[in-house]
$ cat start.pdb   # PDB, C-alpha atoms and all ligand atoms
ATOM      1  CA  MET T   1      55.810 -21.523 -15.918  1.00  0.00           C
ATOM      2  CA  ALA T   2      52.199 -21.210 -16.965  1.00  0.00           C
ATOM      3  CA  SER T   3      50.497 -17.965 -17.781  1.00  0.00           C
ATOM      4  CA  CYS T   4      47.168 -16.690 -16.513  1.00  0.00           C
ATOM      5  CA  PRO T   5      44.540 -16.941 -19.256  1.00  0.00           C
ATOM      6  CA  ARG T   6      43.031 -13.724 -18.044  1.00  0.00           C
ATOM      7  CA  CYS T   7      45.881 -11.309 -17.539  1.00  0.00           C
ATOM      8  CA  GLU T   8      48.683 -13.351 -19.108  1.00  0.00           C
ATOM      9  CA  ALA T   9      50.943 -12.902 -16.112  1.00  0.00           C
ATOM     10  CA  SER T  10      53.293 -15.814 -15.583  1.00  0.00           C
ATOM     11  CA  ILE T  11      52.179 -17.883 -12.647  1.00  0.00           C
ATOM     12  CA  ASP T  12      53.330 -20.971 -10.878  1.00  0.00           C
ATOM     13  CA  GLU T  13      52.017 -24.208 -12.439  1.00  0.00           C
ATOM     14  CA  GLU T  14      50.489 -25.227  -9.130  1.00  0.00           C
ATOM     15  CA  ALA T  15      48.995 -21.872  -8.202  1.00  0.00           C
ATOM     16  CA  ARG T  16      45.269 -22.060  -7.685  1.00  0.00           C
ATOM     17  CA  TYR T  17      44.818 -18.369  -8.253  1.00  0.00           C
ATOM     18  CA  CYS T  18      46.689 -15.873 -10.350  1.00  0.00           C
ATOM     19  CA  ALA T  19      48.859 -13.690  -8.144  1.00  0.00           C
ATOM     20  CA  GLN T  20      48.298 -10.741 -10.468  1.00  0.00           C
ATOM     21  CA  CYS T  21      44.542 -10.668 -11.053  1.00  0.00           C
ATOM     22  CA  GLY T  22      43.202 -13.355  -8.738  1.00  0.00           C
ATOM     23  CA  ALA T  23      41.682 -15.405 -11.558  1.00  0.00           C
ATOM     24  CA  PRO T  24      41.204 -19.038 -10.522  1.00  0.00           C
ATOM     25  CA  GLN T  25      43.599 -21.381 -12.372  1.00  0.00           C
ATOM     26  CA  THR T  26      42.008 -24.732 -11.567  1.00  0.00           C
ATOM     27  CA  GLU T  27      38.442 -25.951 -11.724  1.00  0.00           C
ATOM     28  CA  ASP T  28      38.463 -26.493  -7.992  1.00  0.00           C
ATOM     29  CA  ALA T  29      39.617 -22.951  -7.450  1.00  0.00           C
ATOM     30  CA  ALA T  30      36.995 -21.691  -9.891  1.00  0.00           C
ATOM     31  CA  GLU T  31      34.256 -23.566  -8.051  1.00  0.00           C
ATOM     32  CA  GLU T  32      35.537 -22.375  -4.715  1.00  0.00           C
ATOM     33  CA  LEU T  33      35.516 -18.812  -5.963  1.00  0.00           C
ATOM     34  CA  ASP T  34      32.032 -19.227  -7.421  1.00  0.00           C
ATOM     35  CA  GLU T  35      30.758 -20.509  -4.102  1.00  0.00           C
ATOM     36  CA  TYR T  36      32.459 -17.721  -2.239  1.00  0.00           C
ATOM     37  CA  VAL T  37      31.071 -15.070  -4.580  1.00  0.00           C
ATOM     38  CA  GLN T  38      27.626 -16.622  -4.359  1.00  0.00           C
ATOM     39  CA  ARG T  39      27.764 -16.638  -0.559  1.00  0.00           C
ATOM     40  CA  GLN T  40      28.847 -13.011  -0.554  1.00  0.00           C
ATOM     41  CA  ALA T  41      26.112 -12.117  -3.008  1.00  0.00           C
ATOM     42  CA  GLU T  42      23.520 -13.919  -0.912  1.00  0.00           C
ATOM     43  CA  GLN T  43      24.739 -12.150   2.200  1.00  0.00           C
ATOM     44  CA  VAL T  44      24.637  -8.812   0.459  1.00  0.00           C
ATOM     45  CA  ALA T  45      21.272  -9.563  -1.130  1.00  0.00           C
ATOM     46  CA  GLY T  46      19.932 -11.063   2.093  1.00  0.00           C
ATOM     47  CA  GLY T  47      21.293  -8.260   4.241  1.00  0.00           C
ATOM     48  CA  GLY T  48      20.216  -5.654   1.743  1.00  0.00           C
ATOM     49  CA  GLY T  49      16.863  -7.364   1.386  1.00  0.00           C
ATOM     50  CA  ASP T  50      16.362  -7.478   5.117  1.00  0.00           C
ATOM     51  CA  GLY T  51      17.375  -3.858   5.409  1.00  0.00           C
ATOM     52  CA  GLY T  52      15.098  -2.941   2.557  1.00  0.00           C
ATOM     53  CA  GLY T  53      12.371  -5.081   4.044  1.00  0.00           C
ATOM     54  CA  ASP T  54      12.729  -3.353   7.359  1.00  0.00           C
ATOM     55  CA  ALA T  55      12.725   0.042   5.729  1.00  0.00           C
ATOM     56  CA  SER T  56       9.753  -0.668   3.486  1.00  0.00           C
ATOM     57  CA  GLY T  57       8.087  -2.493   6.363  1.00  0.00           C
ATOM     58  CA  SER T  58       8.350   0.443   8.699  1.00  0.00           C
ATOM     59  CA  SER T  59       7.294   2.849   5.976  1.00  0.00           C
ATOM     60  CA  ARG T  60       4.414   0.508   5.238  1.00  0.00           C
ATOM     61  CA  PHE T  61       3.459   0.668   8.896  1.00  0.00           C
ATOM     62  CA  ALA T  62       3.746   4.423   8.758  1.00  0.00           C
ATOM     63  CA  ASP T  63       1.490   4.418   5.717  1.00  0.00           C
ATOM     64  CA  MET T  64      -0.985   2.183   7.473  1.00  0.00           C
ATOM     65  CA  ALA T  65      -0.987   4.319  10.578  1.00  0.00           C
ATOM     66  CA  ASP T  66      -1.394   7.348   8.374  1.00  0.00           C
ATOM     67  CA  LEU T  67      -4.178   5.668   6.434  1.00  0.00           C
ATOM     68  CA  SER T  68      -6.018   4.504   9.525  1.00  0.00           C
ATOM     69  CA  ASP T  69      -5.693   8.003  10.979  1.00  0.00           C
ATOM     70  CA  ARG T  70      -7.228   9.434   7.845  1.00  0.00           C
ATOM     71  CA  GLU T  71      -9.764   6.589   7.787  1.00  0.00           C
ATOM     72  CA  GLN T  72     -10.758   7.344  11.372  1.00  0.00           C
ATOM     73  CA  LEU T  73     -11.004  11.036  10.628  1.00  0.00           C
ATOM     74  CA  TRP T  74     -13.147  10.243   7.617  1.00  0.00           C
ATOM     75  CA  ARG T  75     -15.364   7.890   9.633  1.00  0.00           C
ATOM     76  CA  ARG T  76     -15.818  10.470  12.367  1.00  0.00           C
ATOM     77  CA  GLY T  77     -16.620  13.075   9.749  1.00  0.00           C
ATOM     78  CA  CYS T  78     -19.136  10.723   8.129  1.00  0.00           C
ATOM     79  CA  TYR T  79     -20.880  10.098  11.451  1.00  0.00           C
ATOM     80  CA  VAL T  80     -21.014  13.795  12.271  1.00  0.00           C
ATOM     81  CA  VAL T  81     -22.272  14.776   8.812  1.00  0.00           C
ATOM     82  CA  GLY T  82     -24.612  11.770   8.586  1.00  0.00           C
ATOM     83  CA  TYR T  83     -26.244  12.173  11.981  1.00  0.00           C
ATOM     84  CA  GLY T  84     -26.272  15.934  11.621  1.00  0.00           C
ATOM     85  CA  THR T  85     -28.063  15.654   8.319  1.00  0.00           C
ATOM     86  CA  VAL T  86     -30.570  13.139   9.670  1.00  0.00           C
ATOM     87  CA  VAL T  87     -31.289  15.267  12.739  1.00  0.00           C
ATOM     88  CA  VAL T  88     -31.758  18.400  10.624  1.00  0.00           C
ATOM     89  CA  ALA T  89     -33.874  16.454   8.122  1.00  0.00           C
ATOM     90  CA  LEU T  90     -36.074  15.050  10.910  1.00  0.00           C
ATOM     91  CA  THR T  91     -36.935  18.575  12.048  1.00  0.00           C
ATOM     92  CA  LEU T  92     -38.157  19.214   8.474  1.00  0.00           C
ATOM     93  CA  VAL T  93     -40.083  15.945   8.221  1.00  0.00           C
ATOM     94  CA  PRO T  94     -43.416  17.037   6.849  1.00  0.00           C
ATOM     95  CA  ALA T  95     -41.562  18.505   3.861  1.00  0.00           C
ATOM     96  CA  ILE T  96     -40.905  16.054   1.025  1.00  0.00           C
ATOM     97  CA  GLY T  97     -37.334  17.333   0.757  1.00  0.00           C
ATOM     98  CA  SER T  98     -36.547  16.001   4.212  1.00  0.00           C
ATOM     99  CA  PHE T  99     -36.735  12.406   3.027  1.00  0.00           C
ATOM    100  CA  PRO T 100     -33.858  12.563   0.524  1.00  0.00           C
ATOM    101  CA  LEU T 101     -31.917  14.389   3.242  1.00  0.00           C
ATOM    102  CA  ILE T 102     -32.564  11.535   5.690  1.00  0.00           C
ATOM    103  CA  LEU T 103     -31.438   9.069   3.030  1.00  0.00           C
ATOM    104  CA  ALA T 104     -28.336  11.183   2.427  1.00  0.00           C
ATOM    105  CA  GLY T 105     -27.508  11.211   6.127  1.00  0.00           C
ATOM    106  CA  ILE T 106     -28.004   7.449   6.379  1.00  0.00           C
ATOM    107  CA  ALA T 107     -26.082   6.720   3.165  1.00  0.00           C
ATOM    108  CA  ILE T 108     -22.919   8.416   4.380  1.00  0.00           C
ATOM    109  CA  LEU T 109     -22.820   6.548   7.708  1.00  0.00           C
ATOM    110  CA  PRO T 110     -19.848   4.132   7.679  1.00  0.00           C
ATOM    111  CA  PRO T 111     -21.945   1.046   8.621  1.00  0.00           C
ATOM    112  CA  ILE T 112     -23.965   1.528   5.416  1.00  0.00           C
ATOM    113  CA  ARG T 113     -20.760   1.485   3.419  1.00  0.00           C
ATOM    114  CA  ARG T 114     -19.785  -1.724   5.180  1.00  0.00           C
ATOM    115  CA  LEU T 115     -23.177  -3.221   4.282  1.00  0.00           C
ATOM    116  CA  THR T 116     -22.433  -2.619   0.598  1.00  0.00           C
ATOM    117  CA  ALA T 117     -19.552  -5.088   0.924  1.00  0.00           C
ATOM    118  CA  GLU T 118     -22.036  -7.970   1.302  1.00  0.00           C
ATOM    119  CA  PRO T 119     -23.567  -7.977  -2.178  1.00  0.00           C
ATOM    120  CA  LEU T 120     -20.622  -6.336  -3.946  1.00  0.00           C
ATOM    121  CA  GLY T 121     -17.714  -8.295  -2.476  1.00  0.00           C
ATOM    122  CA  SER T 122     -15.910  -5.153  -1.395  1.00  0.00           C
ATOM    123  CA  PRO T 123     -17.327  -1.997   0.125  1.00  0.00           C
ATOM    124  CA  LEU T 124     -18.105   0.925  -2.133  1.00  0.00           C
ATOM    125  CA  LYS T 125     -15.479   3.610  -2.161  1.00  0.00           C
ATOM    126  CA  ARG T 126     -15.771   6.448   0.283  1.00  0.00           C
ATOM    127  CA  GLU T 127     -16.060   8.763  -2.676  1.00  0.00           C
ATOM    128  CA  VAL T 128     -19.101   6.806  -3.857  1.00  0.00           C
ATOM    129  CA  MET T 129     -20.776   7.161  -0.470  1.00  0.00           C
ATOM    130  CA  ALA T 130     -19.902  10.862  -0.409  1.00  0.00           C
ATOM    131  CA  GLY T 131     -21.318  11.100  -3.924  1.00  0.00           C
ATOM    132  CA  LEU T 132     -24.542   9.381  -2.845  1.00  0.00           C
ATOM    133  CA  TYR T 133     -24.749  11.768   0.074  1.00  0.00           C
ATOM    134  CA  ALA T 134     -24.203  14.724  -2.222  1.00  0.00           C
ATOM    135  CA  ILE T 135     -26.894  13.545  -4.671  1.00  0.00           C
ATOM    136  CA  PHE T 136     -29.492  12.908  -1.954  1.00  0.00           C
ATOM    137  CA  ALA T 137     -28.566  16.135  -0.177  1.00  0.00           C
ATOM    138  CA  VAL T 138     -28.865  18.162  -3.378  1.00  0.00           C
ATOM    139  CA  VAL T 139     -32.207  16.515  -4.240  1.00  0.00           C
ATOM    140  CA  GLY T 140     -33.466  17.121  -0.714  1.00  0.00           C
ATOM    141  CA  ALA T 141     -32.302  20.711  -0.651  1.00  0.00           C
ATOM    142  CA  ALA T 142     -33.789  21.326  -4.101  1.00  0.00           C
ATOM    143  CA  LEU T 143     -37.125  19.882  -2.995  1.00  0.00           C
ATOM    144  CA  LEU T 144     -37.049  21.961   0.188  1.00  0.00           C
ATOM    145  CA  PHE T 145     -36.355  25.165  -1.715  1.00  0.00           C
ATOM    146  CA  LEU T 146     -38.641  24.511  -4.663  1.00  0.00           C
ATOM    147  CA  LEU T 147     -41.709  23.226  -2.826  1.00  0.00           C
TER     148      LEU T 147
HETATM  149 ZN    ZN Y 201      45.800 -13.224 -13.959  1.00  0.00          ZN
END
$ encode --input "start.pdb" --output "structure tokens"
Amino acid sequence: MASCPRCEASIDEEARYCAQCGAPQTEDAAEELDEYVQRQAEQVAGGGGDGGGDASGSSRFADMADLSDREQLWRRGCYVVGYGTVVVALTLVPAIGSFPLILAGIAILPPIRRLTAEPLGSPLKREVMAGLYAIFAVVGAALLFLL
């Protein structure tokens, strides 16, 4: 009788695996077990990965849909504010303050933001365009009130 090197249970000389703890007793058995464990691990990892991929994928899609919804809302808002500002500014045209207002209205229009992608590589952030709008609008309003 041989004994299992792992749990020291006596096992048959020719046993490939220990009957007590399942430890492989021959190199063949060890390799077989390794392969089996690896296959199981790959299946678990693959299955888990796929599941995770699906989950993160769908949440990514949800994020994208969410983002594009917000993006569209923002774009619509920019058009409304931009055109509104330009139209209001045009009615004030002889006043110097109307010109910064027109610039503000134009600056916040989404196509202008897209144009900034040409020289810069990527478009300016929406916050930057909103900031530009705010600066021009404040300058225009200040000029209108002060002059
Ligand atoms: Zn054993």
$ residues_near_ligand --input "start.pdb" --ligand "ligand ZN 201 (chain Y)" --cutoff "10 Å" --atoms "all atoms listed in the file" --output "VMD selection string"
chain T and resid 3 to 11 17 to 25
$ write_last_selection --input "start.pdb" --atoms "C-alpha atoms" --output "mmCIF file, in the coordinates of the input"
data_model
loop_
_atom_site.group_PDB
_atom_site.id
_atom_site.type_symbol
_atom_site.label_atom_id
_atom_site.label_comp_id
_atom_site.auth_asym_id
_atom_site.auth_seq_id
_atom_site.Cartn_x
_atom_site.Cartn_y
_atom_site.Cartn_z
ATOM 1 C CA SER T 3 50.497 -17.965 -17.781
ATOM 2 C CA CYS T 4 47.168 -16.690 -16.513
ATOM 3 C CA PRO T 5 44.540 -16.941 -19.256
ATOM 4 C CA ARG T 6 43.031 -13.724 -18.044
ATOM 5 C CA CYS T 7 45.881 -11.309 -17.539
ATOM 6 C CA GLU T 8 48.683 -13.351 -19.108
ATOM 7 C CA ALA T 9 50.943 -12.902 -16.112
ATOM 8 C CA SER T 10 53.293 -15.814 -15.583
ATOM 9 C CA ILE T 11 52.179 -17.883 -12.647
ATOM 10 C CA TYR T 17 44.818 -18.369 -8.253
ATOM 11 C CA CYS T 18 46.689 -15.873 -10.350
ATOM 12 C CA ALA T 19 48.859 -13.690 -8.144
ATOM 13 C CA GLN T 20 48.298 -10.741 -10.468
ATOM 14 C CA CYS T 21 44.542 -10.668 -11.053
ATOM 15 C CA GLY T 22 43.202 -13.355 -8.738
ATOM 16 C CA ALA T 23 41.682 -15.405 -11.558
ATOM 17 C CA PRO T 24 41.204 -19.038 -10.522
ATOM 18 C CA GLN T 25 43.599 -21.381 -12.372
#
$ atom_distance --input "start.pdb" --atom1 "CA of Leu144 in chain T" --atom2 "CA of Arg76 in chain T"
27.0 Å
$ residues_around --input "start.pdb" --residues "Leu147 in chain T" --least-positions-apart "2" --cutoff "12 Å" --atoms "all atoms listed in the file" --output "mmCIF file with C-alpha atoms, in the coordinates of the input"
data_model
loop_
_atom_site.group_PDB
_atom_site.id
_atom_site.type_symbol
_atom_site.label_atom_id
_atom_site.label_comp_id
_atom_site.auth_asym_id
_atom_site.auth_seq_id
_atom_site.Cartn_x
_atom_site.Cartn_y
_atom_site.Cartn_z
ATOM 1 C CA PRO T 94 -43.416 17.037 6.849
ATOM 2 C CA ALA T 95 -41.562 18.505 3.861
ATOM 3 C CA ILE T 96 -40.905 16.054 1.025
ATOM 4 C CA GLY T 97 -37.334 17.333 0.757
ATOM 5 C CA SER T 98 -36.547 16.001 4.212
ATOM 6 C CA VAL T 139 -32.207 16.515 -4.240
ATOM 7 C CA GLY T 140 -33.466 17.121 -0.714
ATOM 8 C CA ALA T 141 -32.302 20.711 -0.651
ATOM 9 C CA ALA T 142 -33.789 21.326 -4.101
ATOM 10 C CA LEU T 143 -37.125 19.882 -2.995
ATOM 11 C CA LEU T 144 -37.049 21.961 0.188
ATOM 12 C CA PHE T 145 -36.355 25.165 -1.715
#
$ resolve_selection --input "start.pdb" --expression "the PyMOL selection byres (((chain T and resi 134) around 12) and not hetatm)" --output "ChimeraX atom specification"
/T:81-82,85,100-108,127-133,135-142
$ write_last_selection --input "start.pdb" --atoms "C-alpha atoms" --output "compact mmCIF listing (two decimals), in the coordinates of the input"
# COMPACT_ATOMS: atom_id res chain seq x y z
CA VAL T 81 -22.27 14.78 8.81
CA GLY T 82 -24.61 11.77 8.59
CA THR T 85 -28.06 15.65 8.32
CA PRO T 100 -33.86 12.56 0.52
CA LEU T 101 -31.92 14.39 3.24
CA ILE T 102 -32.56 11.54 5.69
CA LEU T 103 -31.44 9.07 3.03
CA ALA T 104 -28.34 11.18 2.43
CA GLY T 105 -27.51 11.21 6.13
CA ILE T 106 -28.00 7.45 6.38
CA ALA T 107 -26.08 6.72 3.16
CA ILE T 108 -22.92 8.42 4.38
CA GLU T 127 -16.06 8.76 -2.68
CA VAL T 128 -19.10 6.81 -3.86
CA MET T 129 -20.78 7.16 -0.47
CA ALA T 130 -19.90 10.86 -0.41
CA GLY T 131 -21.32 11.10 -3.92
CA LEU T 132 -24.54 9.38 -2.84
CA TYR T 133 -24.75 11.77 0.07
CA ILE T 135 -26.89 13.54 -4.67
CA PHE T 136 -29.49 12.91 -1.95
CA ALA T 137 -28.57 16.14 -0.18
CA VAL T 138 -28.86 18.16 -3.38
CA VAL T 139 -32.21 16.52 -4.24
CA GLY T 140 -33.47 17.12 -0.71
CA ALA T 141 -32.30 20.71 -0.65
CA ALA T 142 -33.79 21.33 -4.10
$ atom_distance --input "start.pdb" --atom1 "CA of Cys78 in chain T" --atom2 "CA of Arg113 in chain T"
10.5 Å
$ closest_residue --input "start.pdb" --among "T:Val88, T:Leu146, T:Ala29, T:Leu109" --to "Trp74 in chain T" --atoms "all atoms listed in the file"
T:Leu109
$ axis_aligned_box --input "start.pdb" --around "range 114-127 of chain T" --padding-each-side "8 Å" --output "JSON"
{"center_x": -19.5, "center_y": 0.2, "center_z": 0.6, "size_x": 24.1, "size_y": 33.1, "size_z": 25.1}
$ atom_distance --input "start.pdb" --atom1 "CA of Ser122 in chain T" --atom2 "CA of Arg75 in chain T"
17.1 Å
